[in-house]
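> Got a structure for you, questions after.
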Amino acid sequence: MGDGAAILAIGDVHLGTACSGLPDALPSWGLDPRELTPTAALRRSVDLAIEQKVDAVMFAGDIVESSNARFEAILPLEDAIRRLLAEDIQVIAVAGNHDFEALPRLAAVIDGFSLLGAGGQWEARTITKNQTPITEVVGWSFGERYVRQSPVAQLLANPFPAPAAGIPRIGLLHADLDASGGRYAPIRQGELDNTGYDAWLLGHIHKPSFDNLAASAGRRPSGYLGSLVGLDPSETGPHGPWLVRVPNSGPLHLEQVPLAPLRWEHVSISIGGLEHVEDVPDRLLAEAERFVRQFVESGVAPQALGLRARLTGASPHYEEIRQRVAAGEWNDMGRVVDGTAVFFNKIVDAMELRLDVIEIAKGDDPAALMAQRLLALGRGDEQSQVILDAARTELGPIAREDNWSPVEDQRNATDPLSNDALRDLLMRSGKAALNAMLAGNPEGDRS
């Protein structure tokens, strides 16, 4: 690696889970779904660590999905750790809210696997190269599923002495950044800054958050490593481990290695200009092929690419296209392009009506009232907020029913009553209703 040292940092792995949203057709395209799992991504990461001859591998928690992890989670992790240790690569981890019970058990049976901060106490460990200290890692682990106080506040109250020989210090933590009142170790960026550490590598949120992939002038890198592979269609963009380069002098440098075998993206595709409904799948597949070729040209093409598409634009076949989208007719459609299996996980209707909504809104019948509300929602003004508040009042009791409470604990759960979610729901249902009201009267002439 040249001068200095290198560390491979890995965020949430969630061994024991399978990525959701994959089509049943993958085997017919020559792709084994097992090659898209967190286990496969971890194996690739270990291969990278050995190939790059890194000095240490660090895990930022939630390595396994469940505290009651079974063999499908523990065995791949144990194999990965033993492969790394056999190459004299140090392995350091902290426990997250998912694996606060599983990791201590594993650390107890694998010599050389260092679990920092077990039981909710901060702990420091020195990483060496050729028996020379190169950096110090300070970490904290979940001791129970829910932690409602900031562990960094505890660290600031009882700081560690400065590391010997002026080596850099890295904080390793699984926590919820800038989420006041949360139950997964809520911390603030100001707290991290006040530690004076050279970098903070965080787990818990699955979207990577390092700006510019490197430390800017005068700024210490601090952020989320992200999940090792996108576990569902909401986890878009590049995923993979991060190479942390520790020079003999100067700031640390971080670079993501997007080796995840599966990638998710959200795309907008216009249906404008299509003459027939049957032209829609052809356009979808053409756009999918274009996306794959972009990744091939940039050298980061995954084995599988899942797309969630929003259909935009206007078409005289609006109603038929909308019905087919609602029936999921084109979901899971895909093909293999230059070795990458690309498919559509879901298609969402965001099309425009081929109607003069402004003109329709001038009337006083039900269609006019619907058009007026659609225009208000589109403006985002005070009247729009009144409509959203009324919808929230109406739908609130349903969203708060006990049978929906487990959803709140799911990764990347979103608030179904937020303004954005409600606006999207009302716009889609309102346009469909308006189109149905005017069926057979495309010009809006209701005289």
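Identifiers for the structure tokens are assigned positionally: chains receive A, B, ... in sequence, residues are indexed from 1 per chain, and ligands are indexed from 1 in the order shown.
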With region 34-54 of chain A as the partner and 9 Å as the cut-off, tabulate the residues of region 197-269 of chain A that qualify, each row holding the nearest pair of atoms and their distance in Å to one decimal, using only C-alpha atoms, sorted by chain and rising number, as CSV.

```
residue,atom,partner,partner_atom,distance
A:Leu228,CA,A:Ala41,CA,6.6
A:Val229,CA,A:Pro38,CA,6.2
A:Gly230,CA,A:Pro38,CA,8.7
A:Leu231,CA,A:Pro38,CA,8.0
A:Gly240,CA,A:Ala41,CA,7.7
A:Pro241,CA,A:Ser45,CA,6.8
A:Leu243,CA,A:Val54,CA,8.7
A:Leu259,CA,A:Arg44,CA,7.3
A:Ala260,CA,A:Ala41,CA,5.7
A:Pro261,CA,A:Leu36,CA,5.4
A:Leu262,CA,A:Leu36,CA,5.7
```
> Any chance you could export the current selection's C-alpha atoms as an mmCIF file, in the first residue's frame?

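Result file follows (out07.cif):
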```cif
data_model
loop_
_atom_site.group_PDB
_atom_site.id
_atom_site.type_symbol
_atom_site.label_atom_id
_atom_site.label_comp_id
_atom_site.auth_asym_id
_atom_site.auth_seq_id
_atom_site.Cartn_x
_atom_site.Cartn_y
_atom_site.Cartn_z
ATOM 1 C CA LEU A 228 -22.600 -3.304 2.458
ATOM 2 C CA VAL A 229 -25.253 -4.122 -0.157
ATOM 3 C CA GLY A 230 -28.647 -2.523 -0.771
ATOM 4 C CA LEU A 231 -31.034 -4.723 1.203
ATOM 5 C CA GLY A 240 -19.571 -1.392 -0.509
ATOM 6 C CA PRO A 241 -16.731 -1.091 2.005
ATOM 7 C CA LEU A 243 -10.714 2.034 2.156
ATOM 8 C CA LEU A 259 -18.322 -3.848 -4.986
ATOM 9 C CA ALA A 260 -21.891 -4.697 -3.951
ATOM 10 C CA PRO A 261 -23.200 -7.342 -6.379
ATOM 11 C CA LEU A 262 -26.681 -5.761 -6.334
#
```
> Thr236 (chain A): which residues within 10 Å, counting only C-alpha atoms, same-chain residues fewer than 4 positions away excluded, as a PyMOL selection string?
chain A and resi 206-207+229-232+262-266+306-308
> Give me, as a PyMOL selection string, the residues of region 32-121 of chain A that a backbone DSSP run labels strand (DSSP E or B).
chain A and resi 56-59+64+90-93+113-115
> What lies within 7 Å of Glu65 (chain A) using only C-alpha atoms, ignoring chain neighbours under 5 positions off, as an MDAnalysis selection string?
chainID A and resid 14:17 98:99
> Can you list every residue in region 138-249 of chain A that DSSP puts in helix (DSSP H, G or I), as number ranges by chain?
A: 151-157, 164-166, 189-195, 211-213
> Please save N, CA and C atoms of the selected residues as a PDB file, in the first residue's frame.

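Written out: out00.pdb:
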```pdb
ATOM      1  N   PRO A 151     -24.123   7.988  23.762  1.00  0.00           N
ATOM      2  CA  PRO A 151     -22.880   7.421  24.291  1.00  0.00           C
ATOM      3  C   PRO A 151     -21.695   8.372  24.141  1.00  0.00           C
ATOM      4  N   VAL A 152     -21.762   9.293  23.181  1.00  0.00           N
ATOM      5  CA  VAL A 152     -20.647  10.228  22.991  1.00  0.00           C
ATOM      6  C   VAL A 152     -20.601  11.232  24.138  1.00  0.00           C
ATOM      7  N   ALA A 153     -21.748  11.560  24.714  1.00  0.00           N
ATOM      8  CA  ALA A 153     -21.749  12.433  25.889  1.00  0.00           C
ATOM      9  C   ALA A 153     -20.965  11.781  27.021  1.00  0.00           C
ATOM     10  N   GLN A 154     -21.116  10.475  27.160  1.00  0.00           N
ATOM     11  CA  GLN A 154     -20.343   9.725  28.165  1.00  0.00           C
ATOM     12  C   GLN A 154     -18.852   9.784  27.858  1.00  0.00           C
ATOM     13  N   LEU A 155     -18.491   9.677  26.581  1.00  0.00           N
ATOM     14  CA  LEU A 155     -17.083   9.728  26.180  1.00  0.00           C
ATOM     15  C   LEU A 155     -16.486  11.101  26.463  1.00  0.00           C
ATOM     16  N   LEU A 156     -17.250  12.151  26.169  1.00  0.00           N
ATOM     17  CA  LEU A 156     -16.752  13.499  26.415  1.00  0.00           C
ATOM     18  C   LEU A 156     -16.573  13.765  27.903  1.00  0.00           C
ATOM     19  N   ALA A 157     -17.407  13.170  28.722  1.00  0.00           N
ATOM     20  CA  ALA A 157     -17.289  13.363  30.169  1.00  0.00           C
ATOM     21  C   ALA A 157     -16.098  12.601  30.747  1.00  0.00           C
ATOM     22  N   ALA A 164      -0.459   7.532  22.113  1.00  0.00           N
ATOM     23  CA  ALA A 164       0.993   7.662  22.133  1.00  0.00           C
ATOM     24  C   ALA A 164       1.535   7.987  20.748  1.00  0.00           C
ATOM     25  N   ALA A 165       2.624   8.685  20.714  1.00  0.00           N
ATOM     26  CA  ALA A 165       3.386   8.986  19.496  1.00  0.00           C
ATOM     27  C   ALA A 165       2.588   9.776  18.474  1.00  0.00           C
ATOM     28  N   GLY A 166       1.510  10.415  18.906  1.00  0.00           N
ATOM     29  CA  GLY A 166       0.758  11.280  18.012  1.00  0.00           C
ATOM     30  C   GLY A 166       0.053  10.573  16.875  1.00  0.00           C
ATOM     31  N   GLN A 189     -23.750  15.767  15.793  1.00  0.00           N
ATOM     32  CA  GLN A 189     -22.494  16.013  15.099  1.00  0.00           C
ATOM     33  C   GLN A 189     -21.562  16.873  15.943  1.00  0.00           C
ATOM     34  N   GLY A 190     -22.132  17.832  16.666  1.00  0.00           N
ATOM     35  CA  GLY A 190     -21.297  18.669  17.520  1.00  0.00           C
ATOM     36  C   GLY A 190     -20.535  17.867  18.557  1.00  0.00           C
ATOM     37  N   GLU A 191     -21.161  16.813  19.077  1.00  0.00           N
ATOM     38  CA  GLU A 191     -20.474  15.953  20.045  1.00  0.00           C
ATOM     39  C   GLU A 191     -19.280  15.259  19.391  1.00  0.00           C
ATOM     40  N   LEU A 192     -19.484  14.738  18.183  1.00  0.00           N
ATOM     41  CA  LEU A 192     -18.377  14.075  17.488  1.00  0.00           C
ATOM     42  C   LEU A 192     -17.239  15.057  17.229  1.00  0.00           C
ATOM     43  N   ASP A 193     -17.586  16.268  16.805  1.00  0.00           N
ATOM     44  CA  ASP A 193     -16.553  17.279  16.539  1.00  0.00           C
ATOM     45  C   ASP A 193     -15.773  17.615  17.807  1.00  0.00           C
ATOM     46  N   ASN A 194     -16.467  17.662  18.927  1.00  0.00           N
ATOM     47  CA  ASN A 194     -15.813  18.053  20.179  1.00  0.00           C
ATOM     48  C   ASN A 194     -14.826  17.013  20.694  1.00  0.00           C
ATOM     49  N   THR A 195     -14.906  15.780  20.198  1.00  0.00           N
ATOM     50  CA  THR A 195     -13.924  14.781  20.630  1.00  0.00           C
ATOM     51  C   THR A 195     -12.546  15.072  20.060  1.00  0.00           C
ATOM     52  N   ASP A 211     -19.089  13.102   2.647  1.00  0.00           N
ATOM     53  CA  ASP A 211     -19.082  14.090   1.576  1.00  0.00           C
ATOM     54  C   ASP A 211     -17.793  13.994   0.778  1.00  0.00           C
ATOM     55  N   ASN A 212     -17.943  13.935  -0.537  1.00  0.00           N
ATOM     56  CA  ASN A 212     -16.798  13.950  -1.455  1.00  0.00           C
ATOM     57  C   ASN A 212     -15.856  12.771  -1.271  1.00  0.00           C
ATOM     58  N   LEU A 213     -16.269  11.795  -0.475  1.00  0.00           N
ATOM     59  CA  LEU A 213     -15.510  10.562  -0.269  1.00  0.00           C
ATOM     60  C   LEU A 213     -14.131  10.792   0.346  1.00  0.00           C
TER      61      LEU A 213
END
```
> For Pro281 (chain A), find every residue with an atom within 9 Å (counting only C-alpha atoms), except residues of its own chain fewer than 4 positions away, and show them as a list in words.
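What passes the distance filter is Val277, Leu285, Ala286, Trp330 and Met333 of chain A.
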> Report, in Å to a single decimal, how far apart CA of Ser222 (chain A) and CA of Arg188 (chain A) are.
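Interatomic distance here is 11.5 Å.
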> Enter the distance from CA of Pro104 (chain A) to CA of Arg82 (chain A), in Å, rounded to one decimal.
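Pair CA of Pro104 (chain A) / CA of Arg82 (chain A) returns 16.2 Å.
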> Calculate how many Å separate CA of Ala327 (chain A) from CA of Arg423 (chain A), rounding to one decimal.
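We find that CA of Ala327 (chain A) and CA of Arg423 (chain A) lie 21.9 Å from each other.
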> Excluding Val57 (chain A) and its own-chain neighbours fewer than 4 positions away, which residues fall within 8 Å of it when counting only C-alpha atoms? Please give them as a PyMOL selection string.
chain A and resi 7-10+49+89-92
> Between A:Val94, A:Val244, A:Val292, A:Ala326, which one has atoms that come closest to Asp338 (chain A), using only C-alpha atoms?
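Answer, going by the shortest atom-to-atom distance: A:Val292.
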> Taking only C-alpha atoms into account, produce a table as a Markdown table in which each residue of region 66-124 of chain A with an atom at most 10 Å from an atom of region 170-176 of chain A appears once, together with its shortest atom pair and the distance in Å to one decimal, ordered by chain and rising number.

```
| residue | atom | partner | partner_atom | distance |
| --- | --- | --- | --- | --- |
| A:Ile92 | CA | A:Leu172 | CA | 9.4 |
| A:Ala93 | CA | A:Leu172 | CA | 8.0 |
| A:Val94 | CA | A:Leu173 | CA | 6.6 |
| A:Ala95 | CA | A:His174 | CA | 7.2 |
| A:Gly96 | CA | A:His174 | CA | 5.4 |
| A:Asn97 | CA | A:His174 | CA | 7.9 |
| A:Leu116 | CA | A:Leu172 | CA | 8.8 |
| A:Gly117 | CA | A:Leu173 | CA | 9.6 |
| A:Trp122 | CA | A:Leu173 | CA | 9.9 |
| A:Ala124 | CA | A:Gly171 | CA | 9.2 |
```
> Can you pull out every residue within 9 Å of region 316-320 of chain A, counting only C-alpha atoms, but drop anything in the same chain fewer than 3 positions away, and send it as a list in words?
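What passes the distance filter is Leu274, Glu275, His276, Val277, Gln323, Arg324, Val325, Met351, Glu352, Leu353, Arg354, Ala432, Asn435, Ala436 and Ala439 of chain A.
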> Include N, CA and C atoms and write out the residues we just selected as a PDB file, in the first residue's frame.

```
ATOM      1  N   LEU A 274     -45.359   8.092 -27.232  1.00  0.00           N
ATOM      2  CA  LEU A 274     -45.620   6.699 -27.569  1.00  0.00           C
ATOM      3  C   LEU A 274     -46.980   6.580 -28.253  1.00  0.00           C
ATOM      4  N   GLU A 275     -47.016   5.805 -29.324  1.00  0.00           N
ATOM      5  CA  GLU A 275     -48.248   5.687 -30.091  1.00  0.00           C
ATOM      6  C   GLU A 275     -49.181   4.618 -29.547  1.00  0.00           C
ATOM      7  N   HIS A 276     -48.600   3.584 -28.923  1.00  0.00           N
ATOM      8  CA  HIS A 276     -49.413   2.470 -28.450  1.00  0.00           C
ATOM      9  C   HIS A 276     -49.004   2.093 -27.031  1.00  0.00           C
ATOM     10  N   VAL A 277     -49.929   1.507 -26.300  1.00  0.00           N
ATOM     11  CA  VAL A 277     -49.634   1.050 -24.944  1.00  0.00           C
ATOM     12  C   VAL A 277     -48.531   0.002 -24.961  1.00  0.00           C
ATOM     13  N   GLN A 323     -53.947   1.645 -15.524  1.00  0.00           N
ATOM     14  CA  GLN A 323     -54.508   0.382 -15.068  1.00  0.00           C
ATOM     15  C   GLN A 323     -53.463  -0.728 -15.086  1.00  0.00           C
ATOM     16  N   ARG A 324     -52.637  -0.737 -16.121  1.00  0.00           N
ATOM     17  CA  ARG A 324     -51.600  -1.781 -16.197  1.00  0.00           C
ATOM     18  C   ARG A 324     -50.527  -1.579 -15.135  1.00  0.00           C
ATOM     19  N   VAL A 325     -50.216  -0.313 -14.865  1.00  0.00           N
ATOM     20  CA  VAL A 325     -49.258  -0.035 -13.781  1.00  0.00           C
ATOM     21  C   VAL A 325     -49.835  -0.487 -12.451  1.00  0.00           C
ATOM     22  N   MET A 351     -47.708  10.096 -14.142  1.00  0.00           N
ATOM     23  CA  MET A 351     -48.032  10.685 -15.437  1.00  0.00           C
ATOM     24  C   MET A 351     -48.932  11.910 -15.288  1.00  0.00           C
ATOM     25  N   GLU A 352     -48.896  12.715 -16.314  1.00  0.00           N
ATOM     26  CA  GLU A 352     -49.742  13.902 -16.372  1.00  0.00           C
ATOM     27  C   GLU A 352     -50.994  13.613 -17.196  1.00  0.00           C
ATOM     28  N   LEU A 353     -52.088  14.229 -16.805  1.00  0.00           N
ATOM     29  CA  LEU A 353     -53.318  14.105 -17.576  1.00  0.00           C
ATOM     30  C   LEU A 353     -53.243  14.934 -18.850  1.00  0.00           C
ATOM     31  N   ARG A 354     -53.758  14.384 -19.927  1.00  0.00           N
ATOM     32  CA  ARG A 354     -53.858  15.176 -21.166  1.00  0.00           C
ATOM     33  C   ARG A 354     -55.169  15.945 -21.126  1.00  0.00           C
ATOM     34  N   ALA A 432     -56.232  10.067 -11.042  1.00  0.00           N
ATOM     35  CA  ALA A 432     -56.986   8.902 -11.514  1.00  0.00           C
ATOM     36  C   ALA A 432     -58.488   9.155 -11.403  1.00  0.00           C
ATOM     37  N   ASN A 435     -59.604  11.687 -14.091  1.00  0.00           N
ATOM     38  CA  ASN A 435     -59.653  11.050 -15.404  1.00  0.00           C
ATOM     39  C   ASN A 435     -60.898  10.173 -15.536  1.00  0.00           C
ATOM     40  N   ALA A 436     -61.250   9.463 -14.448  1.00  0.00           N
ATOM     41  CA  ALA A 436     -62.434   8.610 -14.485  1.00  0.00           C
ATOM     42  C   ALA A 436     -63.700   9.449 -14.622  1.00  0.00           C
ATOM     43  N   ALA A 439     -64.061  10.435 -18.234  1.00  0.00           N
ATOM     44  CA  ALA A 439     -63.898   9.373 -19.237  1.00  0.00           C
ATOM     45  C   ALA A 439     -64.902   9.567 -20.357  1.00  0.00           C
TER      46      ALA A 439
END
```
> For Met427 (chain A), please output as an NGL selection string all residues within 10 Å (counting only C-alpha atoms; exclusion window: fewer than 2 positions along the same chain).
:A and (350 or 373-375 or 377-378 or 422-425 or 429-433)
> Using only C-alpha atoms for the distances, tell me which of A:Arg400, A:His204, A:Lys346, A:Arg169 is nearest to Gly21 (chain A).
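Nearest to Gly21 (chain A): A:Lys346.
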